[in-house]
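Raw run25.json, JSON, C-alpha atoms:
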```json
[["chain", "number", "residue", "atom", "x", "y", "z"],
["N", 6, "MET", "CA", 1.23, 35.99, 13.65],
["N", 7, "VAL", "CA", -2.27, 35.48, 12.24],
["N", 8, "PHE", "CA", -3.57, 32.00, 11.48],
["N", 9, "ASP", "CA", -4.51, 31.62, 7.83],
["N", 10, "SER", "CA", -6.49, 28.49, 6.97],
["N", 11, "TYR", "CA", -6.04, 26.85, 3.61],
["N", 12, "MET", "CA", -8.95, 24.47, 4.19],
["N", 13, "GLY", "CA", -11.00, 26.30, 1.57],
["N", 14, "LEU", "CA", -8.49, 25.18, -1.07],
["N", 15, "ALA", "CA", -8.61, 21.61, 0.25],
["N", 16, "LEU", "CA", -12.42, 21.69, 0.12],
["N", 17, "ALA", "CA", -12.26, 22.87, -3.51],
["N", 18, "GLU", "CA", -10.00, 19.89, -4.30],
["N", 19, "ALA", "CA", -12.50, 17.60, -2.53],
["N", 20, "GLU", "CA", -15.37, 19.01, -4.58],
["N", 21, "ALA", "CA", -13.40, 18.45, -7.78],
["N", 22, "ALA", "CA", -12.63, 14.86, -6.72],
["N", 23, "GLY", "CA", -16.32, 14.22, -6.06],
["N", 24, "ALA", "CA", -17.21, 15.63, -9.47],
["N", 25, "ARG", "CA", -14.80, 13.08, -11.01],
["N", 26, "GLY", "CA", -16.57, 10.25, -9.16],
["N", 27, "GLU", "CA", -13.88, 9.95, -6.50],
["N", 28, "VAL", "CA", -14.54, 10.03, -2.77],
["N", 29, "PRO", "CA", -14.47, 13.80, -2.12],
["N", 30, "VAL", "CA", -11.28, 14.32, -0.16],
["N", 31, "GLY", "CA", -8.85, 17.14, -0.86],
["N", 32, "ALA", "CA", -5.44, 18.09, 0.48],
["N", 33, "VAL", "CA", -3.13, 21.10, 0.32],
["N", 34, "VAL", "CA", 0.53, 21.37, 1.38],
["N", 35, "VAL", "CA", 1.71, 24.79, 2.52],
["N", 36, "ALA", "CA", 5.38, 25.79, 2.88],
["N", 37, "PRO", "CA", 6.62, 27.56, 6.02],
["N", 38, "ASP", "CA", 6.38, 30.93, 4.24],
["N", 39, "GLY", "CA", 2.68, 30.37, 3.48],
["N", 40, "THR", "CA", 3.12, 29.41, -0.17],
["N", 41, "VAL", "CA", 0.84, 26.65, -1.42],
["N", 42, "VAL", "CA", 3.24, 24.11, -2.90],
["N", 43, "ALA", "CA", 0.82, 21.28, -3.75],
["N", 44, "LYS", "CA", -2.89, 20.53, -4.04],
["N", 45, "ALA", "CA", -4.64, 17.26, -4.81],
["N", 46, "GLY", "CA", -7.88, 15.38, -4.56],
["N", 47, "ASN", "CA", -8.46, 11.64, -4.39],
["N", 48, "ARG", "CA", -7.68, 9.82, -7.65],
["N", 49, "THR", "CA", -7.80, 6.14, -6.64],
["N", 50, "ARG", "CA", -10.38, 5.18, -9.27],
["N", 51, "GLU", "CA", -8.98, 7.38, -12.03],
["N", 52, "LEU", "CA", -5.43, 6.08, -11.58],
["N", 53, "ASN", "CA", -6.41, 2.53, -10.56],
["N", 54, "ASP", "CA", -4.15, 3.08, -7.56],
["N", 55, "PRO", "CA", -5.29, 2.37, -4.01],
["N", 56, "THR", "CA", -2.54, 4.67, -2.70],
["N", 57, "ALA", "CA", -3.73, 7.69, -4.71],
["N", 58, "HIS", "CA", -5.30, 9.39, -1.70],
["N", 59, "ALA", "CA", -5.34, 13.19, -1.71],
["N", 60, "GLU", "CA", -2.71, 13.38, 1.04],
["N", 61, "ILE", "CA", -0.30, 11.02, -0.71],
["N", 62, "LEU", "CA", -0.63, 12.83, -4.03],
["N", 63, "ALA", "CA", -0.13, 16.24, -2.42],
["N", 64, "ILE", "CA", 2.88, 15.04, -0.43],
["N", 65, "ARG", "CA", 4.43, 13.54, -3.59],
["N", 66, "LYS", "CA", 3.99, 16.84, -5.46],
["N", 67, "ALA", "CA", 5.38, 18.87, -2.55],
["N", 68, "CYS", "CA", 8.41, 16.59, -2.18],
["N", 69, "ALA", "CA", 9.09, 16.83, -5.91],
["N", 70, "ALA", "CA", 8.91, 20.62, -5.72],
["N", 71, "ALA", "CA", 11.23, 20.65, -2.68],
["N", 72, "GLU", "CA", 13.53, 18.04, -4.24],
["N", 73, "SER", "CA", 13.47, 16.26, -0.91],
["N", 74, "GLU", "CA", 11.68, 13.34, 0.72],
["N", 75, "ARG", "CA", 11.05, 15.52, 3.77],
["N", 76, "LEU", "CA", 8.96, 18.62, 4.27],
["N", 77, "PRO", "CA", 10.01, 20.13, 7.61],
["N", 78, "GLY", "CA", 8.03, 23.19, 8.59],
["N", 79, "HIS", "CA", 5.27, 22.43, 6.09],
["N", 80, "ALA", "CA", 1.58, 22.16, 6.92],
["N", 81, "LEU", "CA", -0.94, 19.76, 5.43],
["N", 82, "TYR", "CA", -4.62, 20.64, 5.21],
["N", 83, "VAL", "CA", -6.92, 17.71, 4.43],
["N", 84, "THR", "CA", -10.70, 17.54, 4.48],
["N", 85, "LEU", "CA", -10.92, 14.11, 6.15],
["N", 86, "GLU", "CA", -8.95, 12.54, 8.98],
["N", 87, "PRO", "CA", -6.05, 10.69, 7.34],
["N", 88, "CYS", "CA", -6.14, 6.91, 7.17],
["N", 89, "PRO", "CA", -3.25, 4.91, 8.70],
["N", 90, "MET", "CA", -1.36, 4.80, 5.37],
["N", 91, "CYS", "CA", -1.58, 8.57, 4.96],
["N", 92, "ALA", "CA", -0.72, 9.19, 8.62],
["N", 93, "MET", "CA", 2.51, 7.22, 8.18],
["N", 94, "ALA", "CA", 3.33, 9.16, 5.00],
["N", 95, "ILE", "CA", 2.76, 12.42, 6.91],
["N", 96, "SER", "CA", 5.16, 11.21, 9.59],
["N", 97, "ALA", "CA", 7.76, 10.01, 7.06],
["N", 98, "ALA", "CA", 7.60, 13.36, 5.24],
["N", 99, "ARG", "CA", 8.14, 15.17, 8.56],
["N", 100, "ILE", "CA", 5.09, 17.39, 8.03],
["N", 101, "ALA", "CA", 5.10, 19.90, 10.91],
["N", 102, "ARG", "CA", 1.35, 20.53, 11.23],
["N", 103, "LEU", "CA", -1.71, 18.56, 10.17],
["N", 104, "TYR", "CA", -5.08, 20.29, 9.92],
["N", 105, "TYR", "CA", -8.06, 18.12, 9.08],
["N", 106, "GLY", "CA", -11.79, 18.61, 8.80],
["N", 107, "ALA", "CA", -14.11, 15.65, 9.29],
["N", 108, "SER", "CA", -13.32, 12.77, 11.64],
["N", 109, "ASP", "CA", -13.32, 9.30, 10.10],
["N", 110, "PRO", "CA", -14.59, 6.74, 12.63],
["N", 111, "LYS", "CA", -14.47, 3.96, 10.02],
["N", 112, "SER", "CA", -11.03, 4.42, 8.45],
["N", 113, "GLY", "CA", -9.24, 7.17, 10.34],
["N", 114, "GLY", "CA", -5.74, 6.63, 11.62],
["N", 115, "VAL", "CA", -5.06, 9.76, 13.67],
["N", 116, "ALA", "CA", -7.75, 10.14, 16.35],
["N", 117, "GLN", "CA", -9.56, 6.91, 15.47],
["N", 118, "GLY", "CA", -8.50, 3.32, 14.98],
["N", 119, "PRO", "CA", -4.76, 2.72, 15.25],
["N", 120, "ARG", "CA", -3.88, 6.32, 16.22],
["N", 121, "VAL", "CA", -0.65, 6.09, 14.27],
["N", 122, "PHE", "CA", 1.05, 9.09, 15.85],
["N", 123, "THR", "CA", 0.88, 7.50, 19.34],
["N", 124, "HIS", "CA", 3.00, 4.47, 18.40],
["N", 125, "PRO", "CA", 6.69, 4.28, 19.32],
["N", 126, "GLN", "CA", 7.40, 3.18, 15.72],
["N", 127, "CYS", "CA", 6.20, 6.59, 14.53],
["N", 128, "HIS", "CA", 9.40, 8.60, 14.14],
["N", 129, "HIS", "CA", 7.83, 12.03, 13.75],
["N", 130, "VAL", "CA", 4.59, 13.39, 15.21],
["N", 131, "PRO", "CA", 3.10, 16.53, 13.68],
["N", 132, "GLU", "CA", 1.01, 19.03, 15.58],
["N", 133, "VAL", "CA", -2.59, 18.00, 14.88],
["N", 134, "TYR", "CA", -5.60, 20.30, 14.64],
["N", 135, "ASP", "CA", -8.97, 18.75, 13.86],
["N", 136, "GLY", "CA", -12.42, 20.05, 13.02],
["N", 137, "ILE", "CA", -11.22, 22.75, 10.58],
["N", 138, "GLY", "CA", -14.01, 23.07, 7.99],
["N", 139, "ALA", "CA", -15.56, 19.88, 9.34],
["N", 140, "ALA", "CA", -19.19, 20.77, 8.58],
["N", 141, "ARG", "CA", -18.55, 21.34, 4.86],
["N", 142, "ALA", "CA", -16.27, 18.29, 4.59],
["N", 143, "GLU", "CA", -18.88, 16.09, 6.28],
["N", 144, "ALA", "CA", -21.61, 17.46, 4.01],
["N", 145, "LEU", "CA", -19.56, 16.72, 0.87],
["N", 146, "LEU", "CA", -19.01, 13.14, 1.99],
["N", 147, "ALA", "CA", -22.65, 12.64, 3.01],
["N", 148, "GLU", "CA", -23.92, 14.02, -0.32],
["N", 149, "PHE", "CA", -21.49, 11.84, -2.28],
["N", 150, "PHE", "CA", -22.39, 8.61, -0.52],
["N", 151, "ALA", "CA", -26.13, 9.38, -0.53],
["N", 152, "ALA", "CA", -25.94, 9.84, -4.32],
["N", 153, "ARG", "CA", -24.00, 6.57, -4.67],
["N", 154, "ARG", "CA", -26.61, 4.69, -2.62],
["N", 155, "GLY", "CA", -29.34, 6.21, -4.81],
["N", 156, "GLU", "CA", -27.55, 5.02, -7.96],
["N", 157, "GLU", "CA", -27.29, 1.49, -6.53],
["N", 158, "ARG", "CA", -31.04, 1.40, -5.76],
["N", 159, "ASN", "CA", -31.89, 2.60, -9.28],
["N", 160, "SER", "CA", -29.73, 0.02, -11.07]]
```

As a first step, turn the structure in this file into structure tokens.
Amino acid sequence: MVFDSYMGLALAEAEAAGARGEVPVGAVVVAPDGTVVAKAGNRTRELNDPTAHAEILAIRKACAAAESERLPGHALYVTLEPCPMCAMAISAARIARLYYGASDPKSGGVAQGPRVFTHPQCHHVPEVYDGIGAARAEALLAEFFAARRGEERNS
């Protein structure tokens, strides 16, 4: 079996989110057969919804498509280490594999901070692979926040 990364699709979703003024994070859910079943980028500002992270939106779409609250065998590709909220949603959805790009020392919940998947209250732990497409994901975030800081200085 050959590994096929879908991080390029997640990065495209992140770029689109950034273009909408959202923090540039993108996510893609892939079925066990390799079919992309959901894609999303952050929409917290657009939807006025603090839970509208890319991962949550993609998981919601994938669950709707599967007509199930669980996604066994599915993989999630996300450009930034999931926060604690998203990590718990990944566990609740029974995502089999999590691939993420950039680490998030400030708000991460997988390898940083609370390390959600290490807790006994976490009922399902996916396989986790980090650093996939990290350089591009980090660059998108750095460019976005540098532009935001520039806007603040000019106003």

Shell of 12 Å around Lys111 (chain N), only C-alpha atoms, local chain residues under 6 positions omitted, as number ranges by chain: N: 85-89, 117-119

So that I can see what lies close to region 143-151 of chain N, please list as a list in words the residues with an atom at most 8 Å from it, counting only C-alpha atoms and leaving out residues fewer than 6 positions away in the same chain.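 Skipping anything fewer than 6 positions along the chain leaves Ala19, Glu20, Gly23, Val28, Pro29, Gly106 and Ala107 of chain N.
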
Can I get the selection written as a CSV table (one decimal), in the frame of the given file, with C-alpha atoms?
```
chain,number,residue,atom,x,y,z
N,19,ALA,CA,-12.5,17.6,-2.5
N,20,GLU,CA,-15.4,19.0,-4.6
N,23,GLY,CA,-16.3,14.2,-6.1
N,28,VAL,CA,-14.5,10.0,-2.8
N,29,PRO,CA,-14.5,13.8,-2.1
N,106,GLY,CA,-11.8,18.6,8.8
N,107,ALA,CA,-14.1,15.6,9.3
```

Just the number, please: distance in Å from CA of Asp109 (chain N) to CA of Lys44 (chain N), one decimal. 20.9 Å

Do you have the CA of Met93 (chain N)-CA of Tyr11 (chain N) distance handy?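 Calculated distance between CA of Met93 (chain N) and CA of Tyr11 (chain N) is 21.9 Å.
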
Mind checking which residues fall within 10 Å of Glu51 (chain N), counting only C-alpha atoms, ignoring those fewer than 5 positions away in the same chain, and posting them as a VMD selection string? chain N and resid 22 25 to 27 57

Would you work out the distance separating CA of Ala32 (chain N) from CA of Gly13 (chain N), expressed in Å to one decimal?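 Rounded to one decimal, the two atoms are 10.0 Å apart.
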
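Minimum atom-to-atom distance to Ala142 (chain N), evaluated using all atoms listed in the file, belongs to N:Val30 out of N:Gly46, N:Thr56, N:Thr40, N:Val30.
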
Distance query Val130 (chain N) at most 8 Å, all atoms listed in the file, self and fewer than 2 positions along chain excluded, as a ChimeraX atom specification: /N:96,99,101,122,127-128,132

Step by step: start from the point (3.6, 22.7, 2.1) in the file's coordinates, keep every protein, DNA or RNA residue that has an atom no farther than 7 Å from it, count all atoms listed in the file, and write the set as a PDB file with C-alpha atoms, keeping the file's coordinate frame.
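And here's point_8.pdb as it stands now:
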```pdb
ATOM      1  CA  VAL N  34       0.530  21.370   1.380  1.00  0.00           C
ATOM      2  CA  VAL N  35       1.710  24.790   2.520  1.00  0.00           C
ATOM      3  CA  ALA N  36       5.380  25.790   2.880  1.00  0.00           C
ATOM      4  CA  PRO N  37       6.620  27.560   6.020  1.00  0.00           C
ATOM      5  CA  VAL N  41       0.840  26.650  -1.420  1.00  0.00           C
ATOM      6  CA  VAL N  42       3.240  24.110  -2.900  1.00  0.00           C
ATOM      7  CA  ALA N  43       0.820  21.280  -3.750  1.00  0.00           C
ATOM      8  CA  ALA N  67       5.380  18.870  -2.550  1.00  0.00           C
ATOM      9  CA  HIS N  79       5.270  22.430   6.090  1.00  0.00           C
ATOM     10  CA  ALA N  80       1.580  22.160   6.920  1.00  0.00           C
ATOM     11  CA  LEU N  81      -0.940  19.760   5.430  1.00  0.00           C
TER      12      LEU N  81
END
```

At a cut-off of 9 Å, using all atoms listed in the file, what residues contact His58 (chain N)? Leave out same-chain residues fewer than 3 positions from it and give the result as a PyMOL selection string. chain N and resi 30-32+45-49+54-55+61-63+91

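Among the candidates N:Ala59, N:Ala70, N:Arg75, N:Tyr105, the residue lying nearest to His129 (chain N) is N:Arg75 (atoms considered: all atoms listed in the file).
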
For Val33 (chain N), which residue among N:Arg153, N:Arg120, N:Arg50, N:Lys66 is the nearest when counting only C-alpha atoms?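 Once distances to Val33 (chain N) are computed over only C-alpha atoms, the minimum belongs to N:Lys66.
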